[in-house]
Amino acid sequence: LLHQWSQEVEVAIGQALEAVRGTKLGVAVSIPGPLYPSYLSIGLTDFMVKLTDEPALVTRLLDFNTDWACEVARLTVKHGASFAILGEDLAHTSGLLVSPRYIAEQWMPRTRRITQILHQGRVPCMVHSCGKLERVLPWLVELGCVAVHPLQPQCNDIYAVRRQYGKQIALVGNIDITCPLSMGTPEDVRLETREHLERLAPEGGYVVAAGHSIIN
């Protein structure tokens, strides 16, 4: 099954690279992190219960998804893609989904396997994680990730993050999907976007984007 998936990913990356050949566009490959697909595969509630009741099962899930992510990272490097986006929701709006100790002991070593492949291939990596990222950001900096997304404004002060981390990590997102994007006027959107650009963009390291997925 993994071999079949690998072939499908390789074809998809090749097609994307061919589509942008001769342009100034790059190709970003989405890579799943160890934790996110593990809890999605059995449901978040069951995953949390099994952390205590069946830790060996959780370990197998994490290892399987890490191995797969490493394979996607290798294909990303092999084909010379421009960028990698590691998808890994580690938090909700009030804090981490699991304990800091679990992140340090279980998540960090597995994620480092993935990021090391990208670093060795000179492919920059951005991490996507919803939720409050105050506890997450030091780990991302330690892993050498170049950017973080989406910095939900309801639980992240992007200006405080910039003051604390400077240019250690680029910031992507933070434009509120509720207001101004869904409920505001076009002028509301312009004002918030302009404020972000004026306060964050002059020294570089900021990409304007929504602070969460845009849904119907």
# chains A, B, ... in the order shown; residues from 1 in each chain; ligands from 1
>>> residues_around(residues="Ile214 in chain A", least_positions_apart="3", cutoff="12 Å", atoms="only C-alpha atoms", output="count of residues only")
11
>>> select_by_dssp(residues="chain A", states="strand (DSSP E or B)", output="ChimeraX atom specification")
/A:28-32,83-87,91-92,95-96,125-129,147-150,170-172,175,206-207,210
>>> write_last_selection(atoms="N, CA, C and O atoms", output="short mmCIF file (atom, residue, chain, number, x, y, z; two decimals), in the first residue's frame")
data_model
loop_
_atom_site.label_atom_id
_atom_site.label_comp_id
_atom_site.auth_asym_id
_atom_site.auth_seq_id
_atom_site.Cartn_x
_atom_site.Cartn_y
_atom_site.Cartn_z
N ALA A 28 4.74 23.66 -3.81
CA ALA A 28 4.81 23.31 -2.39
C ALA A 28 4.14 21.96 -2.19
O ALA A 28 3.02 21.74 -2.66
N VAL A 29 4.82 21.07 -1.51
CA VAL A 29 4.28 19.73 -1.24
C VAL A 29 3.77 19.68 0.19
O VAL A 29 4.47 20.07 1.13
N SER A 30 2.54 19.20 0.35
CA SER A 30 1.96 19.05 1.68
C SER A 30 2.37 17.71 2.26
O SER A 30 2.16 16.66 1.64
N ILE A 31 2.96 17.74 3.47
CA ILE A 31 3.44 16.53 4.13
C ILE A 31 2.70 16.37 5.45
O ILE A 31 2.67 17.31 6.26
N PRO A 32 2.10 15.21 5.72
CA PRO A 32 1.41 15.03 7.00
C PRO A 32 2.41 14.85 8.14
O PRO A 32 3.44 14.20 7.98
N PHE A 83 9.21 23.86 -1.85
CA PHE A 83 8.77 24.16 -0.49
C PHE A 83 8.00 22.97 0.06
O PHE A 83 7.43 22.19 -0.71
N ALA A 84 8.00 22.82 1.38
CA ALA A 84 7.20 21.78 2.03
C ALA A 84 6.34 22.40 3.11
O ALA A 84 6.77 23.31 3.82
N ILE A 85 5.10 21.93 3.22
CA ILE A 85 4.19 22.38 4.26
C ILE A 85 3.85 21.17 5.12
O ILE A 85 3.20 20.23 4.66
N LEU A 86 4.31 21.18 6.36
CA LEU A 86 4.04 20.09 7.28
C LEU A 86 2.72 20.37 7.99
O LEU A 86 2.61 21.31 8.77
N GLY A 87 1.71 19.54 7.71
CA GLY A 87 0.39 19.72 8.30
C GLY A 87 0.28 18.98 9.62
O GLY A 87 0.35 17.75 9.65
N ALA A 91 -2.67 21.96 18.55
CA ALA A 91 -3.31 22.76 19.59
C ALA A 91 -4.75 23.09 19.24
O ALA A 91 -5.18 22.97 18.09
N HIS A 92 -5.50 23.50 20.28
CA HIS A 92 -6.82 24.09 20.09
C HIS A 92 -6.72 25.54 20.59
O HIS A 92 -5.62 26.03 20.85
N GLY A 95 -4.91 25.86 24.12
CA GLY A 95 -3.64 25.23 24.45
C GLY A 95 -3.37 23.97 23.65
O GLY A 95 -4.05 23.68 22.67
N LEU A 96 -2.38 23.21 24.10
CA LEU A 96 -1.96 22.00 23.39
C LEU A 96 -3.00 20.90 23.49
O LEU A 96 -3.72 20.78 24.47
N CYS A 125 10.78 24.40 5.05
CA CYS A 125 9.57 23.78 5.56
C CYS A 125 8.78 24.76 6.42
O CYS A 125 9.32 25.37 7.34
N MET A 126 7.50 24.90 6.10
CA MET A 126 6.56 25.65 6.93
C MET A 126 5.66 24.67 7.66
O MET A 126 5.30 23.62 7.11
N VAL A 127 5.30 24.98 8.90
CA VAL A 127 4.39 24.12 9.66
C VAL A 127 3.03 24.80 9.78
O VAL A 127 2.93 25.98 10.11
N HIS A 128 1.99 24.01 9.47
CA HIS A 128 0.62 24.46 9.72
C HIS A 128 0.14 23.82 11.01
O HIS A 128 0.19 22.60 11.17
N SER A 129 -0.32 24.63 11.94
CA SER A 129 -1.01 24.13 13.12
C SER A 129 -2.04 25.14 13.56
O SER A 129 -1.71 26.30 13.81
N ALA A 147 8.76 28.89 8.66
CA ALA A 147 7.53 29.67 8.78
C ALA A 147 6.48 28.88 9.53
O ALA A 147 6.54 27.65 9.62
N VAL A 148 5.49 29.62 10.07
CA VAL A 148 4.37 29.00 10.78
C VAL A 148 3.07 29.61 10.28
O VAL A 148 2.99 30.81 10.00
N HIS A 149 2.05 28.78 10.18
CA HIS A 149 0.74 29.17 9.64
C HIS A 149 -0.33 28.45 10.46
O HIS A 149 -0.10 27.32 10.88
N PRO A 150 -1.51 29.03 10.75
CA PRO A 150 -2.04 30.31 10.28
C PRO A 150 -2.14 31.37 11.37
O PRO A 150 -2.64 32.45 11.10
N ALA A 170 9.25 32.98 10.01
CA ALA A 170 8.31 33.83 9.27
C ALA A 170 6.88 33.52 9.71
O ALA A 170 6.56 32.40 10.11
N LEU A 171 6.02 34.52 9.63
CA LEU A 171 4.64 34.41 10.08
C LEU A 171 3.71 34.49 8.88
O LEU A 171 3.84 35.37 8.03
N VAL A 172 2.75 33.56 8.83
CA VAL A 172 1.83 33.47 7.70
C VAL A 172 0.40 33.44 8.22
O VAL A 172 0.06 32.58 9.05
N ILE A 175 -5.26 36.91 9.35
CA ILE A 175 -6.41 37.73 8.95
C ILE A 175 -7.67 36.96 9.32
O ILE A 175 -7.90 35.86 8.83
N TYR A 206 6.75 38.16 6.67
CA TYR A 206 5.31 38.04 6.85
C TYR A 206 4.64 37.78 5.52
O TYR A 206 4.94 38.44 4.52
N VAL A 207 3.69 36.82 5.51
CA VAL A 207 2.90 36.51 4.31
C VAL A 207 1.44 36.72 4.67
O VAL A 207 0.92 36.12 5.62
N ALA A 210 -5.28 34.16 5.34
CA ALA A 210 -6.35 34.00 6.31
C ALA A 210 -5.84 33.28 7.55
O ALA A 210 -4.90 32.48 7.49
#
>>> closest_residue(among="A:Leu137, A:Val27, A:Leu57, A:Ala104", to="Gly14 in chain A", atoms="only C-alpha atoms")
A:Val27
>>> residues_around(residues="Leu35 in chain A", least_positions_apart="4", cutoff="7 Å", atoms="only C-alpha atoms", output="VMD selection string")
chain A and resid 39 62 88
>>> write_last_selection(atoms="N, CA and C atoms", output="tab-separated table (two decimals), in the first residue's frame")
chain	number	residue	atom	x	y	z
A	39	TYR	N	-4.42	10.78	14.97
A	39	TYR	CA	-5.69	10.91	15.70
A	39	TYR	C	-6.89	11.00	14.75
A	62	LEU	N	1.78	6.43	15.27
A	62	LEU	CA	2.75	7.50	15.10
A	62	LEU	C	3.91	7.07	14.21
A	88	GLU	N	0.12	19.72	10.72
A	88	GLU	CA	0.17	19.08	12.03
A	88	GLU	C	-0.56	19.93	13.06
>>> select_by_dssp(residues="range 166-216 of chain A", states="alpha helix (DSSP H)", output="list of chain:residue names")
A:Pro186, A:Glu187, A:Asp188, A:Val189, A:Arg190, A:Leu191, A:Glu192, A:Thr193, A:Arg194, A:Glu195, A:His196, A:Leu197, A:Glu198, A:Arg199, A:Leu200
>>> closest_residue(among="A:Pro55, A:Gly80, A:Gly205, A:Gly26", to="Gly121 in chain A", atoms="only C-alpha atoms")
A:Gly80
>>> residues_around(residues="Leu143 in chain A", least_positions_apart="2", cutoff="12 Å", atoms="only C-alpha atoms", output="ChimeraX atom specification")
/A:86,104,107-119,124-127,136-141,145-148,168-169
>>> write_last_selection(atoms="N, CA, C and O atoms", output="tab-separated table (two decimals), in the first residue's frame")
chain	number	residue	atom	x	y	z
A	86	LEU	N	4.31	21.18	6.36
A	86	LEU	CA	4.04	20.09	7.28
A	86	LEU	C	2.72	20.37	7.99
A	86	LEU	O	2.61	21.31	8.77
A	104	ALA	N	7.53	16.67	23.57
A	104	ALA	CA	8.99	16.61	23.64
A	104	ALA	C	9.51	15.19	23.44
A	104	ALA	O	10.52	14.97	22.76
A	107	TRP	N	6.67	13.47	19.91
A	107	TRP	CA	6.46	14.19	18.64
A	107	TRP	C	7.76	14.75	18.08
A	107	TRP	O	8.03	14.62	16.88
A	108	MET	N	8.56	15.36	18.92
A	108	MET	CA	9.78	16.01	18.43
A	108	MET	C	10.73	15.06	17.71
A	108	MET	O	11.19	15.36	16.60
A	109	PRO	N	11.09	13.89	18.27
A	109	PRO	CA	12.03	13.02	17.56
A	109	PRO	C	11.49	12.54	16.21
A	109	PRO	O	12.24	12.44	15.24
A	110	ARG	N	10.20	12.28	16.16
A	110	ARG	CA	9.61	11.82	14.89
A	110	ARG	C	9.58	12.95	13.86
A	110	ARG	O	9.89	12.74	12.69
A	111	THR	N	9.19	14.13	14.31
A	111	THR	CA	9.14	15.26	13.39
A	111	THR	C	10.53	15.65	12.92
A	111	THR	O	10.73	16.05	11.77
A	112	ARG	N	11.51	15.50	13.80
A	112	ARG	CA	12.89	15.80	13.41
A	112	ARG	C	13.35	14.89	12.27
A	112	ARG	O	14.12	15.32	11.40
A	113	ARG	N	12.92	13.64	12.28
A	113	ARG	CA	13.25	12.74	11.16
A	113	ARG	C	12.78	13.33	9.83
A	113	ARG	O	13.48	13.26	8.82
A	114	ILE	N	11.58	13.90	9.85
A	114	ILE	CA	11.00	14.46	8.63
A	114	ILE	C	11.75	15.73	8.21
A	114	ILE	O	12.16	15.87	7.05
A	115	THR	N	11.93	16.63	9.16
A	115	THR	CA	12.56	17.91	8.82
A	115	THR	C	14.02	17.75	8.44
A	115	THR	O	14.54	18.51	7.61
A	116	GLN	N	14.71	16.76	9.00
A	116	GLN	CA	16.11	16.55	8.63
A	116	GLN	C	16.25	16.17	7.16
A	116	GLN	O	17.19	16.59	6.49
A	117	ILE	N	15.31	15.37	6.66
A	117	ILE	CA	15.33	15.01	5.24
A	117	ILE	C	15.19	16.27	4.39
A	117	ILE	O	15.91	16.45	3.39
A	118	LEU	N	14.29	17.13	4.77
A	118	LEU	CA	14.07	18.38	4.03
A	118	LEU	C	15.28	19.31	4.14
A	118	LEU	O	15.71	19.90	3.14
A	119	HIS	N	15.84	19.42	5.35
A	119	HIS	CA	17.02	20.28	5.53
A	119	HIS	C	18.18	19.80	4.67
A	119	HIS	O	18.87	20.59	4.02
A	124	PRO	N	12.97	24.30	2.18
A	124	PRO	CA	12.43	24.96	3.36
A	124	PRO	C	11.07	24.39	3.75
A	124	PRO	O	10.29	23.97	2.89
A	125	CYS	N	10.78	24.40	5.05
A	125	CYS	CA	9.57	23.78	5.56
A	125	CYS	C	8.78	24.76	6.42
A	125	CYS	O	9.32	25.37	7.34
A	126	MET	N	7.50	24.90	6.10
A	126	MET	CA	6.56	25.65	6.93
A	126	MET	C	5.66	24.67	7.66
A	126	MET	O	5.30	23.62	7.11
A	127	VAL	N	5.30	24.98	8.90
A	127	VAL	CA	4.39	24.12	9.66
A	127	VAL	C	3.03	24.80	9.78
A	127	VAL	O	2.93	25.98	10.11
A	136	VAL	N	4.08	25.96	21.12
A	136	VAL	CA	4.55	25.24	19.93
A	136	VAL	C	5.73	25.94	19.26
A	136	VAL	O	6.66	25.29	18.77
A	137	LEU	N	5.71	27.26	19.25
A	137	LEU	CA	6.70	28.01	18.48
A	137	LEU	C	8.15	27.70	18.83
A	137	LEU	O	8.98	27.57	17.92
A	138	PRO	N	8.53	27.54	20.11
A	138	PRO	CA	9.92	27.21	20.39
A	138	PRO	C	10.36	25.89	19.76
A	138	PRO	O	11.50	25.78	19.30
A	139	TRP	N	9.45	24.92	19.69
A	139	TRP	CA	9.79	23.65	19.06
A	139	TRP	C	9.99	23.83	17.55
A	139	TRP	O	10.90	23.23	16.98
A	140	LEU	N	9.16	24.65	16.93
A	140	LEU	CA	9.30	24.86	15.49
A	140	LEU	C	10.62	25.55	15.16
A	140	LEU	O	11.28	25.22	14.18
A	141	VAL	N	11.00	26.52	15.98
A	141	VAL	CA	12.28	27.19	15.79
A	141	VAL	C	13.42	26.20	15.97
A	141	VAL	O	14.38	26.16	15.18
A	145	CYS	N	12.24	25.12	11.23
A	145	CYS	CA	11.15	25.46	10.31
A	145	CYS	C	11.22	26.95	9.97
A	145	CYS	O	11.47	27.78	10.85
A	146	VAL	N	10.97	27.28	8.72
A	146	VAL	CA	11.16	28.67	8.28
A	146	VAL	C	9.93	29.53	8.49
A	146	VAL	O	10.01	30.75	8.47
A	147	ALA	N	8.76	28.89	8.66
A	147	ALA	CA	7.53	29.67	8.78
A	147	ALA	C	6.48	28.88	9.53
A	147	ALA	O	6.54	27.65	9.62
A	148	VAL	N	5.49	29.62	10.07
A	148	VAL	CA	4.37	29.00	10.78
A	148	VAL	C	3.07	29.61	10.28
A	148	VAL	O	2.99	30.81	10.00
A	168	GLN	N	13.40	34.86	13.49
A	168	GLN	CA	13.71	33.44	13.65
A	168	GLN	C	12.75	32.56	12.86
A	168	GLN	O	13.10	31.45	12.46
A	169	ILE	N	11.53	33.05	12.67
A	169	ILE	CA	10.53	32.27	11.93
A	169	ILE	C	9.57	33.24	11.26
A	169	ILE	O	9.16	34.24	11.86
>>> atom_distance(atom1="CA of Leu2 in chain A", atom2="CA of Arg74 in chain A")
13.6 Å
>>> atom_distance(atom1="CA of Val58 in chain A", atom2="CA of Asp89 in chain A")
16.4 Å
>>> residues_around(residues="range 158-164 of chain A", least_positions_apart="3", cutoff="8 Å", atoms="only C-alpha atoms", output="PyMOL selection string")
chain A and resi 151+153+167+171+174+199-200
>>> atom_distance(atom1="CA of Val77 in chain A", atom2="CA of Leu17 in chain A")
12.5 Å
>>> closest_residue(among="A:Ala16, A:Ile215, A:Val11, A:Cys130", to="Ser94 in chain A", atoms="only C-alpha atoms")
A:Cys130
>>> closest_residue(among="A:Glu8, A:Glu105, A:Asp157, A:Glu198", to="Leu133 in chain A", atoms="only C-alpha atoms")
A:Asp157
